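Undergrad: Before we start, here is the structure in question, set down as structure tokens.
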Amino acid sequence: MKVTGILLLIALALMSFSGNARADVTGRKAVCTNKLSGCPRIYNPVCGTNGITYTNECELCMENKKRQIPVLIKKDGRC
């Protein structure tokens with residue numbers, strides 16, 4: 001009974017640590033869904049990890065195609 005309790009506590013501790021494994025990730029990657037060279041004029045702002053607000057995810061994605069190091073989406077909405 002004690003061994004089972006200890007194993008359950010260890011499993012719980014390991015599960016709680018695994019939930020924080022992505023805590024250092026500062027953003028998510030912009031998904032390019034438009035195959036053409038332009039973006040829709042829909043205002044749905046996203047904040048890039050560079051501190052710039054982009055009109056929408058497509059605009060950030062198009063900027064990333066021009067860059068060596070891509071900018072991630074820090075959060076939805078303005079910076």
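Residues in the structure tokens are numbered from 1 in each chain, the chains being A, B, ... in the order shown, and ligands are numbered from 1 in the order shown.
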Determine, counting only C-alpha atoms, which protein, DNA and RNA residues have an atom within 9 Å of an atom of A:Cys79; residues of the same chain fewer than 6 positions away are not included. Present the result as a PyMOL selection string.
TA: chain A and resi 45-48+51-53
Undergrad: Neighbours of A:Glu59 within 12 Å (only C-alpha atoms; same-chain residues fewer than 6 positions away dropped), as JSON, numbers by chain?
TA: {"A": [30, 31, 32, 33, 34, 37, 38, 39, 40, 41, 42, 43, 44, 45, 46, 47, 48, 52, 53, 65, 66, 71, 73]}
